[in-house]
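Remarks on the structure that follows.
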Amino acid sequence: MARVVVDVIPKPEILDPQGQAIVKALPRLGFTGVKDVRQGKHFELEVDDEVDDATLAKIAESFLSNPVIEDYVVRRVES
Amino acid sequence: MTEIDTVEKAATDPERPQPYAELGLKDDEYAHIREILGRRPTEAELAMYSVMWSEHCSYKSSKVHWKHWKANTTPEMQAKMLAGVGENAGVVDIGDGWAVSFKVESHNHPSYVEPYQGAATGVGGIVRDIIAMGARPLAVMDPLRFGAADHPDTKRVLPGVVAGIGGYGNCLGLPNIGGEVVFDPSYQGNPLVNAMCIGAMRTEDLHVAKASGVGNKVILFGARTGLDGIGGVSVLASETFSDDEDAASRKKLPSVQVGDPFTEKVLIECCMELFAQRLVVGIQDLGGAGLSCATSELASAGDGGMHVELDKVPLRAGGMTPAEILSSESQERMCAVVRPEDVEAFMAVCKKWDVLATEIGEVTDTGRLVITWHGETVVDVPPRTVAHEGPEYHRPIARPADQDELQADDPANLPRPSTPEELRETLLQLISSPNLASKEWVTSQYDRYVRGNTVLAQPSDGGMIRIDEETGRGVAASTDCNGRYVKLDPYVGTQLALAEAYRNVATTGATPLAVTNCLNFGSPEDPGVMWQFEQAVKGLAEGCRELGIPVTGGNVSFYNQTGSTAILPTPVVGVLGVIDDVRRRIPTGIGAEAGETLILLGETRDEFGGSEWAHVVHGHLGGRPPQVDLAREKLLAEILVAGSRDGLLSAAHDLSEGGLAQALVETVLIGQTGARIILDEDQDPFVQLFSESAGRVLVAVPRTEELRFTEMCTARGLPWRRTGVVDPESGELEIQDVATFPLEELRQAWEGTLPALFD
Amino acid sequence: MKIGVITFPGTLDDVDAARAARAVGAEAVSLWHADDDLRGVDAVVVPGGFSYGDYLRAGAIARFAPVMQSVVDAARGGMPVLGICNGFQILCEAGLLPGVMLRNVGLHFVCKDQWLRVENTETAWTTRFDTGADILIPVKNIDGRYTASAETVRELEAEGRVVFRYVDGNPNGSINDIAGICSANRRVVGLMPHPEHAIDALTGPSDDGLGVFYSVLDATRSLVTA
């Protein structure tokens with residue numbers, strides 16, 4: 001069994017309303033100096049050893065993210 | 001590094017080749033631009049002209065047909081209209097000093113690429129159109145069409161579209177009060193996502209999109225401008241960016257915009273406060289063509305000149321070029337014209353709502369739209385040539401060669417059910433078919449209660465909202481279209497769409513007042529499609545004249561096709577009506593009063609061309625659509641409105657797709673009350689139950705009012721027939737001599753289909 | 001009798017809550033998120049909507065608004081506070097009520113007419129109901145699944161602090177069918193369904209929601225005389 005982490009984040013040129021709302025709220029709470037926030041999704045997958053990287057990439061690209069508006073990163077954290 | 005193309009440069013290298021063809025401009029259109037300017041356009045100008053002269057913005061294929069609206073609008077019809085075709089949205093006077101603005105728009109192609117965001121930004125766009133008239137948006141409705149219900153891609157598109165409409169509209173606080181969900185394989189690669197918005201204002205608060213008053217300031221407010229939806233002008237990037245990597249990355253940009261409903265909600269409240277304080281001279285939303293559209297349209301409709309300093313526009317992305325800023329389709333932005341002395345107050349309101357606002361220019365009397373970039377002129381054009389004097393095409397029109405064959409293929413030859421068992425099975429098969437099944441799976445994802453003024457919503461025939469809490473004055477609206485009818489006969493089919501929307505409004509007790517439309521068709525370069533289009537426009541315009549209600553505006557969406565096959569022609573017609581007091585609305589479900597008689601108004605003929613029965617049972621499309629009789633529709637509406645006013649009706653439901661059987665099932669299920677039906681012995685039960693003859697409504701009349709109501713119908717010459725009685729005790733729908741259905745059986749058949757497909 | 005209704009950026013049902021307050025004869029007073037002045041109100045409604053777009057978490061940003069600090073202080077002093085839907089989420093984030101709302105089990109936004117059982121008629125907002133009464137109130141949310149630690153839920157149940165429970169179907173998967181709860185002193189109530197949308201059978205499924213607003217009239221009256 002392997003543990004795989006997939007992070008999905010809106011592409012830099014795509015508007016991220018959630019990140020914008022957070023970055024605007026921070027100064028009101030007294031936290032200054034934060035220039036930008038982007039909010040994404042974090043997935044943790046438990047996968048069998050025979051699942052290869054290409055399959056993981058396919059899962060991330062075709063299902064966990066929408067490549068039109070989101071980028072993804074796949075990491076194996078332990079195996 | 002970037003090198004910005006300026007008017008000065010355009011003069012020095014007049015023959016530089018430009019990628020106008022990639023931007024969608026034809027040779028003669030490009031030549032015409034050069035002729036207007038007396039030189040080659042700059043990149044920014046080229047971007048503006050190409051987007052503003054696109055089919056979507058310029059209506060170049062459809063504009064020549066608009067003469068039909070004008071030719072069919074009488075002075076009496078005109079008198080009700082405060083703003084009409086050509087404005088951001090139509091506005092009608094509903095009495096008591098209230099004006100109502102309403103419009104439908106399409107967002108078809110984006111919704112196929114990214115269903116959630118495509119549908120969400122469709123809602124956002126139409127809502128800003130209503131704000132731009134000075135109205136507070138009050139409700140939305142969504143006519144939707146998808147491919148086959150059981151196609152795997154429909155399972156991707158439909159839930160995404162529905163979640164997008166809900167996600168955006170619910171967050172804006174606008175009740176969703178109606179719409180349609182229709183399935184047909186022709187929409188498989190091209191769903192139709194149309195969105196309608198209704199708003200209201202006091203008549204004196206009407207705003208128009210024009211930049212008048214020399215010296216007045218132009219203020220851009222709302223979201224920042226980013227690289228959204230600039231896919232179209234990305235070909236210019238290779239000219240601008242010497243660095244290949246930058247150029248290549250621009251070309252990969254998605255043409256999808258992401259909506260931010262929270263920003264839009266705040267923008268609505270901000271605009272309402274700006275209007276209330278009378279700080280706005282002119283206002284325009286930023287939609288399809290972004291700043292290109294807003295600046296050129298404001299200037300063109302105003303005093304003729306405007307100077308914009310483009311480098312002042314707040315950006316979300318680094319390194320954007322003037323052409324990109326002008327073409328950006330970033331959402332949730334508005335552009336206002338403000339008197340200099342009001343700028344400070346304007347900015348204060350924006351600050352209160354935490355809305356970013358920036359002065360980007362001013363109104364001039366030069367007759368030119370001049371746009372500068374760090375002091376250098378990048379655009380210098382006569383604004384009318386961009387906004388209102390785009391190309392006009394007389395596209396070839398030809399009746400399709402197979403139209404006769406289609407109409408000759410009469411459904412009379414199809415085998416029909418005749419025994420009680422067969423009729424019973426047919427009824428259950430039809431009510432559980434995707435087009436006739438309950439749409440609650442969809443509509444329960446929409447907030448219908450917010451703002452507390454929703455009087456009728458799905459599954460009623462029309463939605464109704466209260467406008468004035470003191471008097472109870474309100475409006476009702478409905479959108480309709482049966483693309484199969486339109487395919488069989490575009491003229492009659494479009495009149496049937498009008499007739500149904502009109503009838504649906506009257507069925508709520510409201511008086512139909514005005515019309516809007518969203519004309520979804522295939523490619524205008526196909527003469528057969530243009531024939532459908534022309535027939536549809538004529539049918540609608542002449543139909544409106546006969547009904548005495550004006551077309552206040554509309555939207556045209558061409559190039560809707562799955563592969564190379566055009567969609568069913570789908571001219572969605574929206575009708576708005578007014579009711580003096582919403583407390584007199586007619587509900588859809590029976591059982592409100594003890595002892596009601598069911599009366600069928602109108603005539604039932606043997607009409608199955610384009611019917612749901614032919615479609616579901618035989619997969620057949622052919623013959624002629626049902627007859628349309630607009631004089632009869634008008635009489636029927638008058639009877640319904642009179643019935644509502646005098647309290648003679650306790651429920652009413654329009655007959656349309658699926659015929660009487662469908663109406664009966666919906667009436668008993670919505671009212672949660674049984675009924676006993678007695679069919680006419682002299683007519684085939686199959687025809688009585690499933691024919692789709694137009695001009696019919698099933699009404700429930702309290703026993704005490706029955707005589708009064710039927711005497712009125714007889715006196716006015718409206719055919720009626722006592723069809724049955726409401727039976728609160730039985731818990732079943734009994735159709736005598738045919739079949740008896742426990743309500744629970746009907747409910748499972750009607751409500752089970754969509755959850756089974758999409759959960 | 002003055003009932004304050006808070007507006008945050010993104011609040012939607014403030015007009016409805018104000019209408020409900022007026023319907024029972026109270027004066028509705030608008031409270032602005034950025035202003036910590038409660039303007040002399042006798043009770044506060046934190047209405048529904050999507051404050052700050054519900055970005056990050058529902059209620060997570062709104063709880064830090066200046067007005068909320070005043071509401072928290074007033075609530076600790078016994079002022080009746082009602083959180084409806086997003087307002088309930090905000091009261092949970094602000095620590096006035098325990099627990100949190102998760103995404104509905106069906107993962108969809110759900111808008112429907114929902115039967116509720118009134119389980120506790122001794123709160124500031126429910127004295128006008130009969131114990132065990134069933135009322136029909138619209139529910140509409142996407143993040144409506146109430147959850148809390150097992151210990152908290154046990155405590156709420158043991159202390160009779162479950163005020164409303166879903167009957168005839170649970171629309172979002174809330175633990176123990178919980179639709180609304182109250183604070184230990186029974187002055188602060190939060191619920192996901194919308195009583196302010198059920199004040200007139202013309203625009204709602206019933207007028208059962210009026211009882212909530214009538215109850216608070218009694219609660220503030222008794223506070224004054226006490």
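Letters A, B, ... mark the chains of the structure tokens in the order given; residue numbers begin at 1 per chain; ligand numbers begin at 1, in order shown.
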Within 6 Å of chain B: residues of chain C, using only C-alpha atoms, as a PyMOL selection string: chain C and resi 10+12+16+50+53+109-111+202-203
Dump of N, CA and C atoms for the selected residues, as a CSV table (one decimal), in the first residue's frame:
chain,number,residue,atom,x,y,z
C,10,GLY,N,-22.9,39.6,1.9
C,10,GLY,CA,-23.3,38.3,1.5
C,10,GLY,C,-24.5,37.7,2.3
C,12,LEU,N,-28.3,37.2,3.0
C,12,LEU,CA,-29.4,37.2,2.1
C,12,LEU,C,-30.8,37.4,2.7
C,16,ASP,N,-36.0,39.2,5.1
C,16,ASP,CA,-37.1,38.3,5.6
C,16,ASP,C,-37.2,38.3,7.1
C,50,PHE,N,-25.0,33.8,2.6
C,50,PHE,CA,-23.7,33.3,2.4
C,50,PHE,C,-22.7,34.4,2.8
C,53,GLY,N,-19.5,34.8,1.1
C,53,GLY,CA,-19.5,33.8,0.2
C,53,GLY,C,-19.4,32.4,0.8
C,109,PHE,N,-27.1,21.3,-2.7
C,109,PHE,CA,-28.0,22.3,-2.0
C,109,PHE,C,-29.4,21.6,-2.0
C,110,VAL,N,-30.1,21.8,-0.8
C,110,VAL,CA,-31.4,21.2,-0.7
C,110,VAL,C,-32.4,22.3,-0.3
C,111,CYS,N,-33.4,22.6,-1.0
C,111,CYS,CA,-34.5,23.5,-0.7
C,111,CYS,C,-35.8,22.8,-0.6
C,202,LEU,N,-49.1,32.5,2.0
C,202,LEU,CA,-49.0,33.0,0.7
C,202,LEU,C,-47.6,32.8,0.1
C,203,THR,N,-46.6,33.1,0.9
C,203,THR,CA,-45.2,33.1,0.4
C,203,THR,C,-44.4,31.9,1.1
Chain A residues near chain C (7 Å cut-off, only C-alpha atoms) as a VMD selection string: chain A and resid 18 21 25
Could you produce a table of the residues of chain B lying within 7 Å of chain A, with the nearest pair of atoms per residue and their separation in Å rounded to one decimal, using only C-alpha atoms, ordered by chain and increasing residue number, as a Markdown table?
| residue | atom | partner | partner_atom | distance |
| --- | --- | --- | --- | --- |
| B:Leu227 | CA | A:Glu13 | CA | 6.0 |
| B:Asp228 | CA | A:Ile14 | CA | 6.9 |
| B:Pro254 | CA | A:Val68 | CA | 6.0 |
| B:Val258 | CA | A:Leu15 | CA | 6.0 |
| B:Asp260 | CA | A:Pro17 | CA | 5.6 |
| B:Ala317 | CA | A:Glu13 | CA | 6.6 |
Spatial neighbours of Ser460 in chain B, max dist 8 Å, only C-alpha atoms, sep filter under 4 positions, as a short mmCIF file (atom, residue, chain, number, x, y, z; two decimals) with N, CA and C atoms, in the first residue's frame:
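As a result, around-v1.cif now contains:
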data_model
loop_
_atom_site.label_atom_id
_atom_site.label_comp_id
_atom_site.auth_asym_id
_atom_site.auth_seq_id
_atom_site.Cartn_x
_atom_site.Cartn_y
_atom_site.Cartn_z
N GLY B 178 -38.67 29.22 -11.78
CA GLY B 178 -39.21 28.44 -12.90
C GLY B 178 -38.15 28.14 -13.92
N LEU B 456 -45.50 31.80 -6.35
CA LEU B 456 -45.56 30.54 -7.08
C LEU B 456 -44.17 30.23 -7.63
N PRO B 587 -53.41 28.57 -7.67
CA PRO B 587 -52.40 27.54 -7.47
C PRO B 587 -52.56 26.38 -8.46
N THR B 588 -51.58 25.49 -8.49
CA THR B 588 -51.58 24.37 -9.44
C THR B 588 -52.25 23.13 -8.88
N HIS B 653 -54.25 24.25 -14.23
CA HIS B 653 -53.00 23.70 -14.75
C HIS B 653 -53.09 23.61 -16.26
#
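CA of Val193 in chain B sits 7.8 Å away from CA of Val161 in chain B.
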Backbone-only DSSP, strand (DSSP E or B) members of range 4-79 of chain A, as a list of chain:residue names: A:Val4, A:Val5, A:Val6, A:Asp7, A:Val8, A:Ile9, A:Pro10, A:Lys41, A:His42, A:Phe43, A:Glu44, A:Leu45, A:Glu46, A:Val47, A:Glu70, A:Asp71, A:Tyr72, A:Val73, A:Val74, A:Arg75, A:Arg76, A:Val77, A:Glu78
Interatomic distance (Å, one decimal) between CA of Ala79 in chain B and CA of Gly179 in chain B: 28.2 Å
Residue neighbourhood Arg3 in chain A, 9 Å, only C-alpha atoms, exclusion window fewer than 3 positions, as a PDB file with N, CA, C and O atoms, in the first residue's frame:
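Result written to around_2.pdb:
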ATOM      1  N   GLU A  44      -5.987  12.731  -0.018  1.00  0.00           N
ATOM      2  CA  GLU A  44      -5.055  11.686   0.416  1.00  0.00           C
ATOM      3  C   GLU A  44      -5.607  10.350  -0.054  1.00  0.00           C
ATOM      4  O   GLU A  44      -6.733   9.994   0.274  1.00  0.00           O
ATOM      5  N   LEU A  45      -4.814   9.638  -0.831  1.00  0.00           N
ATOM      6  CA  LEU A  45      -5.259   8.372  -1.410  1.00  0.00           C
ATOM      7  C   LEU A  45      -4.421   7.223  -0.866  1.00  0.00           C
ATOM      8  O   LEU A  45      -3.190   7.352  -0.763  1.00  0.00           O
ATOM      9  N   GLU A  46      -5.070   6.146  -0.503  1.00  0.00           N
ATOM     10  CA  GLU A  46      -4.357   4.908  -0.165  1.00  0.00           C
ATOM     11  C   GLU A  46      -4.454   4.017  -1.398  1.00  0.00           C
ATOM     12  O   GLU A  46      -5.557   3.649  -1.797  1.00  0.00           O
ATOM     13  N   VAL A  47      -3.316   3.693  -1.984  1.00  0.00           N
ATOM     14  CA  VAL A  47      -3.396   2.928  -3.235  1.00  0.00           C
ATOM     15  C   VAL A  47      -2.529   1.673  -3.167  1.00  0.00           C
ATOM     16  O   VAL A  47      -1.528   1.623  -2.444  1.00  0.00           O
ATOM     17  N   ASP A  48      -2.930   0.675  -3.918  1.00  0.00           N
ATOM     18  CA  ASP A  48      -2.129  -0.543  -4.025  1.00  0.00           C
ATOM     19  C   ASP A  48      -0.800  -0.223  -4.701  1.00  0.00           C
ATOM     20  O   ASP A  48      -0.704   0.716  -5.501  1.00  0.00           O
ATOM     21  N   ARG A  75       1.970  13.552  -5.214  1.00  0.00           N
ATOM     22  CA  ARG A  75       3.170  13.175  -4.453  1.00  0.00           C
ATOM     23  C   ARG A  75       2.926  11.839  -3.780  1.00  0.00           C
ATOM     24  O   ARG A  75       1.874  11.611  -3.189  1.00  0.00           O
ATOM     25  N   ARG A  76       3.932  10.956  -3.848  1.00  0.00           N
ATOM     26  CA  ARG A  76       3.878   9.723  -3.044  1.00  0.00           C
ATOM     27  C   ARG A  76       4.551  10.047  -1.723  1.00  0.00           C
ATOM     28  O   ARG A  76       5.708  10.467  -1.699  1.00  0.00           O
ATOM     29  N   VAL A  77       3.839   9.906  -0.603  1.00  0.00           N
ATOM     30  CA  VAL A  77       4.467  10.299   0.662  1.00  0.00           C
ATOM     31  C   VAL A  77       5.090   9.119   1.392  1.00  0.00           C
ATOM     32  O   VAL A  77       6.014   9.277   2.158  1.00  0.00           O
ATOM     33  N   GLU A  78       4.609   7.921   1.186  1.00  0.00           N
ATOM     34  CA  GLU A  78       5.284   6.749   1.746  1.00  0.00           C
ATOM     35  C   GLU A  78       4.895   5.541   0.925  1.00  0.00           C
ATOM     36  O   GLU A  78       3.857   5.508   0.295  1.00  0.00           O
ATOM     37  N   SER A  79       5.756   4.574   0.905  1.00  0.00           N
ATOM     38  CA  SER A  79       5.374   3.380   0.157  1.00  0.00           C
ATOM     39  C   SER A  79       5.925   2.138   0.828  1.00  0.00           C
ATOM     40  O   SER A  79       6.593   2.235   1.833  1.00  0.00           O
TER      41      SER A  79
END
Test item: residues at most 8 Å from Arg103 in chain C, only C-alpha atoms, excluding those fewer than 2 positions along its chain, as JSON, numbers by chain: {"C": [101, 105, 107, 142, 143, 144, 145, 172]}
Contact residues around range 508-519 of chain B with only C-alpha atoms at 7 Å, ignoring same-chain residues under 5 positions, as an mmCIF file with C-alpha atoms, in the first residue's frame:
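Result file follows (selection-v2.cif):
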data_model
loop_
_atom_site.group_PDB
_atom_site.id
_atom_site.type_symbol
_atom_site.label_atom_id
_atom_site.label_comp_id
_atom_site.auth_asym_id
_atom_site.auth_seq_id
_atom_site.Cartn_x
_atom_site.Cartn_y
_atom_site.Cartn_z
ATOM 1 C CA LYS B 103 -34.424 39.300 -20.175
ATOM 2 C CA VAL B 104 -33.172 35.844 -21.153
ATOM 3 C CA GLU B 105 -29.651 35.134 -22.318
ATOM 4 C CA SER B 106 -27.798 32.039 -23.445
ATOM 5 C CA GLY B 462 -45.487 30.012 -14.113
ATOM 6 C CA ALA B 476 -45.707 36.151 -13.183
ATOM 7 C CA TYR B 502 -48.708 33.160 -22.508
ATOM 8 C CA ILE B 549 -48.012 42.054 -26.225
ATOM 9 C CA PRO B 550 -44.682 43.524 -27.383
ATOM 10 C CA VAL B 551 -41.313 41.849 -27.811
ATOM 11 C CA THR B 552 -39.084 43.854 -25.489
ATOM 12 C CA GLY B 553 -35.775 42.301 -26.426
ATOM 13 C CA GLY B 554 -34.012 39.056 -26.797
ATOM 14 C CA ASN B 555 -30.886 37.136 -27.422
ATOM 15 C CA VAL B 556 -29.713 35.103 -30.404
ATOM 16 C CA SER B 557 -27.402 32.130 -30.064
ATOM 17 C CA THR B 570 -35.141 26.234 -29.989
ATOM 18 C CA PRO B 571 -36.626 29.726 -29.807
ATOM 19 C CA VAL B 572 -37.298 29.975 -26.092
ATOM 20 C CA VAL B 573 -40.086 32.470 -25.455
ATOM 21 C CA GLY B 574 -40.493 34.215 -22.110
ATOM 22 C CA VAL B 575 -43.753 35.941 -21.220
ATOM 23 C CA LEU B 576 -44.199 38.329 -18.320
ATOM 24 C CA GLY B 577 -47.583 39.116 -16.818
ATOM 25 C CA VAL B 578 -48.917 41.371 -14.099
ATOM 26 C CA ILE B 579 -51.375 40.683 -11.292
ATOM 27 C CA ARG B 585 -53.057 33.815 -7.668
ATOM 28 C CA ILE B 586 -54.368 30.472 -8.906
ATOM 29 C CA PRO B 587 -52.401 27.537 -7.473
ATOM 30 C CA LEU B 640 -58.632 32.685 -16.428
ATOM 31 C CA VAL B 641 -57.836 36.216 -15.305
ATOM 32 C CA SER B 644 -58.909 34.666 -10.615
#
